[in-house]
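Q: What follows is a single structure, and I will ask about it in a moment.
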Amino acid sequence: MTPSTPPPAPPPGPVPATPIIRPQQPSKRSGRPRGLGDLDLDLETGRTTAILGPNGAGKTTLIKSILGLVIPDGGTITVAGERLDGSPEYRRRIGYMPQIARYPENLTAREILAMVSDLRGNPAGTDESLVDELRLEAELDKPFRTLSGGNRQKVSAVLALRFRPQILFLDEPTAGLDPVSSSVFKDRLLRERAEGRTLVLTSHVMAEVQELADTVVYLLDGRIHFRESVESLMGSTGEASLERAIARRITARVVA
Amino acid sequence: MNALTSGSGRQGGSDTLKITRYQLRDVLRSRWILLYGLFFVLLTDLLFRFGGSGERVILSLLNVVLIGIPLVSIVLGAMYMYASREFTEMLLAHPVRRRSLFLGLFAGLSLPMSTAFVLGTALPYLAHGGGAAGGWGALAFLLGTGVALTLVFLALSFLVAVATEDRIRGLGLCLGAWIAFAVVYDAVILMAIYLLGDFPLERPVIALSMLNPVDLARILLLLEFDISALMGFTGALFRDFFGGTGGRLAAMGALLAWLAVPFALGMRSFGRKNF
């Protein structure tokens with residue numbers, strides 16, 4: 001593999017000026033199959049980073065480590081200059097949309113929104129627009145046990161964006177959403193990025209990554225296999241789709 | 001979890017209340033908690049209709065309290081924890097302390113379960129005039145012991161559910177613990193007495209009874225009601241060894257330890273868990 005044209009996008013190697021999330025070597029090897037190896041990663045402020053990799057590569061574990069849901073064996077994680085030490089306050093800046101959404105069966109979405117708002121100290125100026133955009137209003141007063149998987153997913157999306165977080169973590173954000181909701185939500189994510197939010201997402205849909213992400217971090221066995229901007233990936237491999245480009249990149253690495 | 005920030009304790013306390021409030025609402029809307037309360041209403045009512053006096057009703061309720069409450073508590077507690085697994089994860093992504101969440105989950109289940117048992121038993125007792133012959137103290141003691149057993153077995157189930165990732169295995173462990181405490185234990189004591197009857201068994205047997213919250217509750221109730229016929233081997237030993245009041249205090253203390261230790265271990269495990 002020879003670099004044919006110099007990529008116009010920022011080069012993959014060096015670290016950007018103001019890293020907002022900075023997990024450094026959070027090794028997680030306590031016999032867990034989805035463990036993380038040593039890795040050193042800075043995520044860029046105001047940009048969208050896609051964390052990709054085969055199943056079990058540690059994508060979810062990495063995100064959960066930054067959220068404090070998984071406690072690393074060693075290393076440090078810094079979010080917006082604050083080093084994680086067990087205090088939950090930094091999570092005020094974070095919105096998280098999990099892969100699987102389950103809520104208390106007998107409560108309604110409106111009650112869950114109120115509960116989380118309560119726990120965050122009922123901040124003023126929450127963003128309710130996604131409820132309309134995803135046409136969720138009619139579902140808000142039904143108990144969760146009657147909601148479809150897609151609607152639960154929409155509630156998670158609303159919860160993640162509602163408190164105007166600085167950083168958004170999205171684990172397979174469009175899985176289970178219908179095409180219309182999915183594209184509405186993706187438009188929304190692009191706007192969030194345009195407003196300067198930092199987005200981190202995982203996805204199995206490469207077309208979605210190509211649409212949303214600036215940078216790809218590819219994990220393999222809990223380590224960073226490569227990290228490259230989407231533009232540079234596409235340019236250097238000469239492939240038409242990101243999926244092909246990533247496949248080309250991985251096989252090139254293995255051969256070399 | 002380390003409390004580094006100064007204001008966090010106050011914050012944590014109120015978070016617990018908030019979580020408890022919503023968990024309570026969820027549990028109260030489910031049918032099983034109503035069924036659980038209704039079961040005690042029907043049982044107490046039936047016992048009065050067939051058996052008569054308050055004292056005898058209490059004695060009949062005794063076995064239900066000693067066997068039924070541990071079983072229902074340990075199974076429901078584990079199911080509740082496993083059912084709220086993903087929700088727990090979602091809440092922990094918000095600025096909430098793990099300790100507050102654990103406390104909120106525990107209060108959200110133990111309050112309605114204790115209330116269902118207390119009201120379900122006390123209301124028909126009241127309606128049938130069970131307290132007329134001075135049976136109030138007996139009822140209060142029975143209710144107190146039942147609530148203690150509820151808390152002990154909920155704490156055990158939380159510990160198992162937090163420490164065991166696999167649901168089927170967790171529920172199996174819970175059922176196994178119940179069988180050990182409620183059934184196997186008695187067989188072991190009997191066997192020990194049968195095989196080793198020639199040796200002085202008092203101290204080892206008393207030590208063994210400390211290891212079983214169900215037996216402790218039974219000893220407590222039987223000492224209170226002074227029913228030698230039902231007291232069994234460990235109960236009689238307790239009375240002889242500690243005397244009436246001393247025996248009660250010893251049993252209460254041990255039962256309290258059975259609540260505090262699994263609860264603390266469960267909370268610790270919850271604080272270190274990888275979700």
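Chain labels A, B, ... are given in the sequence in which chains occur in the structure tokens; within each chain residues are numbered consecutively from 1, and ligands are likewise numbered from 1 in the order shown.
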Within 9 Å of chain A, which residues of chain B show up when using only C-alpha atoms, listed as a PDB file with N, CA and C atoms, in the first residue's frame?
A:
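Output saved as iface.pdb:
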ATOM      1  N   MET B   1     -16.989   3.239  46.552  1.00  0.00           N
ATOM      2  CA  MET B   1     -17.044   4.588  45.997  1.00  0.00           C
ATOM      3  C   MET B   1     -16.464   5.570  47.012  1.00  0.00           C
ATOM      4  N   ASN B   2     -15.628   6.432  46.549  1.00  0.00           N
ATOM      5  CA  ASN B   2     -15.020   7.371  47.474  1.00  0.00           C
ATOM      6  C   ASN B   2     -15.747   8.714  47.433  1.00  0.00           C
ATOM      7  N   ALA B   3     -16.033   9.230  48.588  1.00  0.00           N
ATOM      8  CA  ALA B   3     -16.731  10.509  48.663  1.00  0.00           C
ATOM      9  C   ALA B   3     -15.699  11.619  48.718  1.00  0.00           C
ATOM     10  N   LEU B   4     -15.329  12.114  47.558  1.00  0.00           N
ATOM     11  CA  LEU B   4     -14.277  13.121  47.517  1.00  0.00           C
ATOM     12  C   LEU B   4     -14.845  14.533  47.614  1.00  0.00           C
ATOM     13  N   THR B   5     -15.962  14.734  46.916  1.00  0.00           N
ATOM     14  CA  THR B   5     -16.540  16.079  46.943  1.00  0.00           C
ATOM     15  C   THR B   5     -17.385  16.247  48.191  1.00  0.00           C
ATOM     16  N   SER B   8     -21.348  15.898  48.304  1.00  0.00           N
ATOM     17  CA  SER B   8     -21.897  14.709  47.673  1.00  0.00           C
ATOM     18  C   SER B   8     -22.795  13.897  48.599  1.00  0.00           C
ATOM     19  N   SER B  14     -30.504  12.613  48.781  1.00  0.00           N
ATOM     20  CA  SER B  14     -31.737  12.995  48.102  1.00  0.00           C
ATOM     21  C   SER B  14     -31.910  12.207  46.808  1.00  0.00           C
ATOM     22  N   ASP B  15     -30.799  11.819  46.178  1.00  0.00           N
ATOM     23  CA  ASP B  15     -30.909  10.967  44.994  1.00  0.00           C
ATOM     24  C   ASP B  15     -31.566   9.644  45.349  1.00  0.00           C
ATOM     25  N   LYS B  18     -35.244  10.122  45.520  1.00  0.00           N
ATOM     26  CA  LYS B  18     -35.839  10.270  44.181  1.00  0.00           C
ATOM     27  C   LYS B  18     -35.994   8.916  43.503  1.00  0.00           C
ATOM     28  N   ILE B  19     -34.917   8.128  43.582  1.00  0.00           N
ATOM     29  CA  ILE B  19     -34.968   6.814  42.934  1.00  0.00           C
ATOM     30  C   ILE B  19     -36.016   5.947  43.609  1.00  0.00           C
ATOM     31  N   TYR B  22     -39.624   6.687  42.386  1.00  0.00           N
ATOM     32  CA  TYR B  22     -40.025   6.151  41.088  1.00  0.00           C
ATOM     33  C   TYR B  22     -40.068   4.630  41.088  1.00  0.00           C
ATOM     34  N   GLN B  23     -39.149   3.994  41.812  1.00  0.00           N
ATOM     35  CA  GLN B  23     -39.172   2.534  41.898  1.00  0.00           C
ATOM     36  C   GLN B  23     -40.446   2.074  42.605  1.00  0.00           C
ATOM     37  N   ARG B  25     -43.283   3.599  42.640  1.00  0.00           N
ATOM     38  CA  ARG B  25     -44.403   3.757  41.723  1.00  0.00           C
ATOM     39  C   ARG B  25     -44.470   2.568  40.769  1.00  0.00           C
ATOM     40  N   ASP B  26     -43.301   2.148  40.287  1.00  0.00           N
ATOM     41  CA  ASP B  26     -43.251   1.013  39.364  1.00  0.00           C
ATOM     42  C   ASP B  26     -43.748  -0.260  40.045  1.00  0.00           C
ATOM     43  N   VAL B  27     -43.256  -0.510  41.265  1.00  0.00           N
ATOM     44  CA  VAL B  27     -43.621  -1.746  41.963  1.00  0.00           C
ATOM     45  C   VAL B  27     -45.108  -1.737  42.335  1.00  0.00           C
ATOM     46  N   LEU B  28     -45.605  -0.576  42.790  1.00  0.00           N
ATOM     47  CA  LEU B  28     -47.002  -0.517  43.226  1.00  0.00           C
ATOM     48  C   LEU B  28     -47.971  -0.728  42.073  1.00  0.00           C
ATOM     49  N   ARG B  29     -47.533  -0.407  40.853  1.00  0.00           N
ATOM     50  CA  ARG B  29     -48.418  -0.610  39.707  1.00  0.00           C
ATOM     51  C   ARG B  29     -48.400  -2.044  39.201  1.00  0.00           C
ATOM     52  N   SER B  30     -47.484  -2.852  39.694  1.00  0.00           N
ATOM     53  CA  SER B  30     -47.440  -4.224  39.184  1.00  0.00           C
ATOM     54  C   SER B  30     -48.401  -5.075  39.994  1.00  0.00           C
ATOM     55  N   ALA B  83     -34.266  -7.626  36.342  1.00  0.00           N
ATOM     56  CA  ALA B  83     -35.140  -6.891  35.422  1.00  0.00           C
ATOM     57  C   ALA B  83     -34.697  -5.441  35.303  1.00  0.00           C
ATOM     58  N   SER B  84     -34.101  -4.882  36.351  1.00  0.00           N
ATOM     59  CA  SER B  84     -33.715  -3.471  36.273  1.00  0.00           C
ATOM     60  C   SER B  84     -32.255  -3.304  35.860  1.00  0.00           C
ATOM     61  N   ARG B  85     -31.646  -4.354  35.334  1.00  0.00           N
ATOM     62  CA  ARG B  85     -30.239  -4.332  34.934  1.00  0.00           C
ATOM     63  C   ARG B  85     -29.935  -3.204  33.933  1.00  0.00           C
ATOM     64  N   GLU B  86     -30.650  -3.163  32.821  1.00  0.00           N
ATOM     65  CA  GLU B  86     -30.358  -2.165  31.787  1.00  0.00           C
ATOM     66  C   GLU B  86     -30.734  -0.767  32.261  1.00  0.00           C
ATOM     67  N   PHE B  87     -31.814  -0.694  33.045  1.00  0.00           N
ATOM     68  CA  PHE B  87     -32.240   0.605  33.553  1.00  0.00           C
ATOM     69  C   PHE B  87     -31.200   1.162  34.525  1.00  0.00           C
ATOM     70  N   THR B  88     -30.674   0.280  35.356  1.00  0.00           N
ATOM     71  CA  THR B  88     -29.595   0.641  36.281  1.00  0.00           C
ATOM     72  C   THR B  88     -28.429   1.245  35.523  1.00  0.00           C
ATOM     73  N   GLU B  89     -28.078   0.562  34.422  1.00  0.00           N
ATOM     74  CA  GLU B  89     -26.972   1.008  33.593  1.00  0.00           C
ATOM     75  C   GLU B  89     -27.251   2.409  33.038  1.00  0.00           C
ATOM     76  N   MET B  90     -28.474   2.602  32.580  1.00  0.00           N
ATOM     77  CA  MET B  90     -28.852   3.903  32.006  1.00  0.00           C
ATOM     78  C   MET B  90     -28.745   5.003  33.071  1.00  0.00           C
ATOM     79  N   LEU B  91     -29.244   4.696  34.276  1.00  0.00           N
ATOM     80  CA  LEU B  91     -29.210   5.712  35.340  1.00  0.00           C
ATOM     81  C   LEU B  91     -27.779   6.041  35.752  1.00  0.00           C
ATOM     82  N   LEU B  92     -26.908   5.027  35.722  1.00  0.00           N
ATOM     83  CA  LEU B  92     -25.529   5.258  36.147  1.00  0.00           C
ATOM     84  C   LEU B  92     -24.753   6.105  35.143  1.00  0.00           C
ATOM     85  N   ALA B  93     -25.288   6.271  33.934  1.00  0.00           N
ATOM     86  CA  ALA B  93     -24.638   7.148  32.969  1.00  0.00           C
ATOM     87  C   ALA B  93     -24.965   8.612  33.270  1.00  0.00           C
ATOM     88  N   HIS B  94     -25.867   8.829  34.210  1.00  0.00           N
ATOM     89  CA  HIS B  94     -26.188  10.184  34.662  1.00  0.00           C
ATOM     90  C   HIS B  94     -25.424  10.476  35.955  1.00  0.00           C
ATOM     91  N   PRO B  95     -25.400  11.721  36.374  1.00  0.00           N
ATOM     92  CA  PRO B  95     -24.619  12.011  37.601  1.00  0.00           C
ATOM     93  C   PRO B  95     -25.272  11.453  38.865  1.00  0.00           C
ATOM     94  N   VAL B  96     -25.218  10.141  39.028  1.00  0.00           N
ATOM     95  CA  VAL B  96     -25.810   9.477  40.193  1.00  0.00           C
ATOM     96  C   VAL B  96     -24.736   8.589  40.808  1.00  0.00           C
ATOM     97  N   ARG B  97     -24.672   8.594  42.132  1.00  0.00           N
ATOM     98  CA  ARG B  97     -23.722   7.712  42.805  1.00  0.00           C
ATOM     99  C   ARG B  97     -24.267   6.302  42.841  1.00  0.00           C
ATOM    100  N   ARG B  98     -23.368   5.329  42.731  1.00  0.00           N
ATOM    101  CA  ARG B  98     -23.813   3.938  42.745  1.00  0.00           C
ATOM    102  C   ARG B  98     -24.476   3.584  44.067  1.00  0.00           C
ATOM    103  N   ARG B 272     -18.398  -1.837  42.686  1.00  0.00           N
ATOM    104  CA  ARG B 272     -17.222  -2.234  41.896  1.00  0.00           C
ATOM    105  C   ARG B 272     -17.592  -2.941  40.613  1.00  0.00           C
ATOM    106  N   LYS B 273     -18.887  -3.142  40.418  1.00  0.00           N
ATOM    107  CA  LYS B 273     -19.330  -3.969  39.291  1.00  0.00           C
ATOM    108  C   LYS B 273     -19.064  -3.296  37.947  1.00  0.00           C
ATOM    109  N   ASN B 274     -18.792  -4.135  36.953  1.00  0.00           N
ATOM    110  CA  ASN B 274     -18.704  -3.651  35.579  1.00  0.00           C
ATOM    111  C   ASN B 274     -20.032  -3.889  34.881  1.00  0.00           C
ATOM    112  N   PHE B 275     -20.688  -2.809  34.486  1.00  0.00           N
ATOM    113  CA  PHE B 275     -22.009  -2.961  33.851  1.00  0.00           C
ATOM    114  C   PHE B 275     -21.872  -3.100  32.335  1.00  0.00           C
TER     115      PHE B 275
END
Q: Output as a list in words all residues of segment 8-164 of chain A that backbone DSSP marks as strand (DSSP E).
A: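 Checking each residue of segment 8-164 of chain A, the strand (DSSP E) ones are Pro19, Ile20, Ile21, Arg22, Pro23, Gln24, Leu43, Glu44, Thr48, Thr49, Ala50, Ile51, Leu52, Thr76, Ile77, Thr78, Val79, Glu82, Arg83, Ile94, Gly95, Tyr96 and Met97 of chain A.
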Q: Using only C-alpha atoms, determine which residues lie at most 9 Å from Ser110 of chain B, disregarding the query and same-chain residues fewer than 4 positions distant; provide the list as a ChimeraX atom specification.
A: /B:73,77,105-106,114-115,147,150-151,154
Q: Go through B:Arg169, B:Arg203, B:Arg268, B:Arg31 and flag the residue nearest Phe241 of chain B, using only C-alpha atoms for the distances.
A: B:Arg203
Q: Could you tell me how far atom CA of Leu159 of chain B lies from atom CA of Leu111 of chain B, in Å and to one decimal?
A: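 One can read the atom CA of Leu159 of chain B to atom CA of Leu111 of chain B distance as 17.9 Å.
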Q: Report as a CSV table (one decimal) with N, CA, C and O atoms, in the first residue's frame all protein, DNA and RNA residues lying within 6 Å of segment 184-200 of chain A, evaluated on only C-alpha atoms, omitting residues in the same chain fewer than 4 positions from it.
A:
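Listed below is the output, result_0.csv:
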chain,number,residue,atom,x,y,z
A,45,THR,N,-12.5,17.4,20.3
A,45,THR,CA,-13.6,18.2,20.6
A,45,THR,C,-14.4,18.7,19.3
A,45,THR,O,-13.7,19.0,18.3
A,46,GLY,N,-15.7,18.7,19.4
A,46,GLY,CA,-16.5,19.2,18.3
A,46,GLY,C,-16.5,18.4,17.0
A,46,GLY,O,-16.9,18.8,16.0
A,47,ARG,N,-16.0,17.1,17.1
A,47,ARG,CA,-16.0,16.3,16.0
A,47,ARG,C,-16.6,15.0,16.3
A,47,ARG,O,-16.9,14.7,17.5
A,48,THR,N,-16.9,14.2,15.3
A,48,THR,CA,-17.6,12.9,15.5
A,48,THR,C,-16.6,11.8,15.3
A,48,THR,O,-16.0,11.7,14.2
A,49,THR,N,-16.4,10.9,16.4
A,49,THR,CA,-15.5,9.8,16.3
A,49,THR,C,-16.3,8.5,16.2
A,49,THR,O,-17.1,8.3,17.1
A,50,ALA,N,-16.0,7.7,15.2
A,50,ALA,CA,-16.7,6.4,15.2
A,50,ALA,C,-15.7,5.4,15.7
A,50,ALA,O,-14.6,5.3,15.3
A,166,GLN,N,-22.3,18.2,26.5
A,166,GLN,CA,-21.2,18.6,25.7
A,166,GLN,C,-20.7,17.4,24.8
A,166,GLN,O,-20.2,17.6,23.7
A,167,ILE,N,-20.9,16.2,25.4
A,167,ILE,CA,-20.4,15.0,24.8
A,167,ILE,C,-21.5,14.0,24.7
A,167,ILE,O,-22.2,13.8,25.6
A,168,LEU,N,-21.6,13.4,23.5
A,168,LEU,CA,-22.7,12.4,23.3
A,168,LEU,C,-22.1,11.1,22.9
A,168,LEU,O,-21.2,11.0,22.0
A,169,PHE,N,-22.5,10.0,23.7
A,169,PHE,CA,-22.1,8.7,23.3
A,169,PHE,C,-23.3,7.9,22.8
A,169,PHE,O,-24.3,7.8,23.4
Q: Restricting the calculation to only C-alpha atoms, which member of A:Glu44, A:Leu161, A:Thr202, A:Gly149 is positioned closest to Gly176 of chain A?
A: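 When distances to Gly176 of chain A are compared using only C-alpha atoms, the smallest one comes from A:Gly149.
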Q: What's the separation between atom CA of Gly129 of chain B and atom CA of Ile58 of chain B, in Å to one decimal place?
A: 13.0 Å
Q: Quick one: pick out all helix (DSSP H, G or I) residues within segment 60-243 of chain B from a backbone DSSP run and write them as a short mmCIF file (atom, residue, chain, number, x, y, z; two decimals) with C-alpha atoms, in the first residue's frame.
A:
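Written out: states_0.cif:
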data_model
loop_
_atom_site.label_atom_id
_atom_site.label_comp_id
_atom_site.auth_asym_id
_atom_site.auth_seq_id
_atom_site.Cartn_x
_atom_site.Cartn_y
_atom_site.Cartn_z
CA SER B 60 -50.59 -20.88 62.18
CA LEU B 61 -49.20 -17.77 60.49
CA LEU B 62 -45.84 -18.50 62.03
CA ASN B 63 -44.89 -21.19 59.57
CA VAL B 64 -46.00 -19.15 56.59
CA VAL B 65 -43.82 -16.29 57.82
CA LEU B 66 -40.83 -18.56 58.42
CA ILE B 67 -40.99 -20.48 55.15
CA GLY B 68 -43.00 -18.34 52.73
CA ILE B 69 -41.53 -14.87 53.28
CA PRO B 70 -37.91 -15.98 52.73
CA LEU B 71 -38.84 -17.83 49.53
CA VAL B 72 -40.89 -15.01 48.00
CA SER B 73 -38.40 -12.33 49.07
CA ILE B 74 -35.30 -14.02 47.73
CA VAL B 75 -36.90 -14.95 44.40
CA LEU B 76 -38.66 -11.63 43.78
CA GLY B 77 -35.62 -9.66 44.90
CA ALA B 78 -33.37 -11.41 42.38
CA MET B 79 -35.93 -11.09 39.57
CA TYR B 80 -36.34 -7.39 40.32
CA MET B 81 -32.61 -6.76 40.25
CA TYR B 82 -32.16 -8.66 37.00
CA ALA B 83 -35.14 -6.89 35.42
CA ARG B 85 -30.24 -4.33 34.93
CA GLU B 86 -30.36 -2.16 31.79
CA PHE B 87 -32.24 0.60 33.55
CA THR B 88 -29.60 0.64 36.28
CA GLU B 89 -26.97 1.01 33.59
CA MET B 90 -28.85 3.90 32.01
CA LEU B 91 -29.21 5.71 35.34
CA LEU B 92 -25.53 5.26 36.15
CA ARG B 98 -23.81 3.94 42.75
CA ARG B 99 -24.47 3.86 46.47
CA SER B 100 -27.55 6.07 46.11
CA LEU B 101 -28.88 3.91 43.32
CA PHE B 102 -28.37 0.69 45.30
CA LEU B 103 -30.13 2.15 48.33
CA GLY B 104 -32.96 3.46 46.15
CA LEU B 105 -33.47 0.08 44.50
CA PHE B 106 -33.49 -1.66 47.89
CA ALA B 107 -35.94 0.78 49.46
CA GLY B 108 -38.13 0.72 46.35
CA LEU B 109 -38.74 -3.01 46.78
CA SER B 110 -38.46 -3.61 50.53
CA LEU B 111 -40.95 -0.87 51.46
CA PRO B 112 -43.88 -2.21 49.38
CA MET B 113 -43.12 -5.83 50.25
CA SER B 114 -43.00 -5.14 53.98
CA THR B 115 -46.11 -2.98 53.78
CA ALA B 116 -48.05 -5.61 51.83
CA PHE B 117 -47.22 -8.21 54.50
CA VAL B 118 -47.93 -5.94 57.48
CA LEU B 119 -51.21 -4.53 56.18
CA GLY B 120 -52.31 -7.83 54.63
CA THR B 121 -51.96 -9.53 58.01
CA ALA B 122 -52.92 -6.73 60.41
CA LEU B 123 -56.12 -5.59 58.67
CA PRO B 124 -58.02 -8.90 58.82
CA TYR B 125 -56.59 -9.41 62.34
CA LEU B 126 -58.16 -6.09 63.31
CA ALA B 127 -61.41 -6.89 61.55
CA TRP B 136 -51.55 -7.17 70.03
CA GLY B 137 -48.08 -7.72 71.34
CA ALA B 138 -47.95 -11.15 69.76
CA LEU B 139 -49.08 -9.76 66.41
CA ALA B 140 -46.56 -6.91 66.53
CA PHE B 141 -43.78 -9.38 67.27
CA LEU B 142 -44.82 -11.61 64.40
CA LEU B 143 -45.00 -8.67 62.00
CA GLY B 144 -41.63 -7.37 63.14
CA THR B 145 -40.00 -10.76 62.60
CA GLY B 146 -41.66 -11.08 59.18
CA VAL B 147 -40.34 -7.68 58.12
CA ALA B 148 -36.87 -8.61 59.37
CA LEU B 149 -36.95 -11.81 57.30
CA THR B 150 -38.13 -9.81 54.27
CA LEU B 151 -35.18 -7.43 54.58
CA VAL B 152 -32.65 -10.21 55.24
CA PHE B 153 -33.68 -12.24 52.20
CA LEU B 154 -34.00 -9.22 49.93
CA ALA B 155 -30.46 -8.22 50.92
CA LEU B 156 -29.27 -11.76 50.16
CA SER B 157 -31.02 -11.75 46.79
CA PHE B 158 -29.50 -8.35 45.89
CA LEU B 159 -26.05 -9.65 46.78
CA VAL B 160 -26.50 -12.76 44.61
CA ALA B 161 -28.01 -10.81 41.70
CA VAL B 162 -25.25 -8.19 41.72
CA ALA B 163 -22.46 -10.75 41.98
CA ARG B 167 -29.76 -14.78 35.59
CA ILE B 168 -30.56 -18.48 35.63
CA ARG B 169 -27.55 -19.22 37.80
CA GLY B 170 -28.43 -16.32 40.11
CA LEU B 171 -32.00 -17.52 40.58
CA GLY B 172 -30.69 -21.05 41.12
CA LEU B 173 -28.33 -19.83 43.82
CA CYS B 174 -31.20 -17.96 45.50
CA LEU B 175 -33.43 -21.02 45.49
CA GLY B 176 -30.52 -23.13 46.71
CA ALA B 177 -29.93 -20.75 49.62
CA TRP B 178 -33.59 -20.90 50.56
CA ILE B 179 -33.66 -24.72 50.44
CA ALA B 180 -30.51 -24.84 52.55
CA PHE B 181 -31.93 -22.51 55.21
CA ALA B 182 -35.50 -23.77 55.25
CA VAL B 183 -35.12 -27.51 54.63
CA VAL B 184 -31.61 -28.95 54.59
CA TYR B 185 -30.55 -27.18 57.77
CA ASP B 186 -33.15 -28.97 59.94
CA ALA B 187 -32.13 -32.31 58.49
CA VAL B 188 -28.47 -31.60 59.25
CA ILE B 189 -29.24 -30.68 62.87
CA LEU B 190 -31.35 -33.81 63.33
CA MET B 191 -28.65 -35.94 61.78
CA ALA B 192 -26.00 -34.40 64.02
CA ILE B 193 -28.08 -35.10 67.11
CA TYR B 194 -28.79 -38.66 65.95
CA LEU B 195 -25.18 -39.49 65.11
CA GLU B 202 -24.95 -27.40 72.87
CA ARG B 203 -22.28 -24.98 71.77
CA PRO B 204 -21.81 -26.27 68.21
CA VAL B 205 -25.57 -26.33 67.65
CA ILE B 206 -26.02 -22.81 68.94
CA ALA B 207 -23.21 -21.71 66.65
CA LEU B 208 -24.94 -23.47 63.75
CA SER B 209 -28.24 -21.72 64.42
CA MET B 210 -26.46 -18.37 64.17
CA PRO B 213 -31.61 -16.54 59.60
CA VAL B 214 -34.74 -18.69 59.31
CA ASP B 215 -33.82 -20.62 62.44
CA LEU B 216 -32.97 -17.38 64.25
CA ALA B 217 -36.41 -15.99 63.40
CA ARG B 218 -38.04 -19.21 64.52
CA ILE B 219 -36.15 -19.19 67.83
CA LEU B 220 -37.10 -15.56 68.33
CA LEU B 221 -40.80 -16.19 67.78
CA LEU B 222 -40.95 -19.36 69.84
CA LEU B 223 -39.07 -17.79 72.75
CA GLU B 224 -41.49 -14.87 72.66
CA PHE B 225 -44.53 -17.11 72.66
CA SER B 228 -41.74 -25.44 74.19
CA ALA B 229 -43.51 -28.09 72.13
CA LEU B 230 -42.66 -26.33 68.90
CA MET B 231 -39.34 -24.99 70.00
CA GLY B 232 -37.20 -27.75 68.51
CA PHE B 233 -33.70 -28.59 69.58
CA THR B 234 -31.98 -25.27 68.87
CA GLY B 235 -34.78 -23.22 70.43
CA ALA B 236 -34.66 -25.16 73.68
CA LEU B 237 -30.89 -24.88 73.73
CA PHE B 238 -31.12 -21.15 73.20
CA ARG B 239 -33.45 -20.72 76.13
CA ASP B 240 -31.31 -22.83 78.40
CA PHE B 241 -28.08 -21.26 77.26
CA PHE B 242 -28.99 -17.58 77.18
#
Q: Closest to Gly222 of chain A among A:Gly125, A:Gly58, A:Gly238, A:Gly53, using only C-alpha atoms?
A: A:Gly58
Q: Using atom CA of Ala245 of chain A and atom CA of Val205 of chain A as the two end points, give the distance in Å to one decimal.
A: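 For atom CA of Ala245 of chain A relative to atom CA of Val205 of chain A, the distance reads 13.7 Å.
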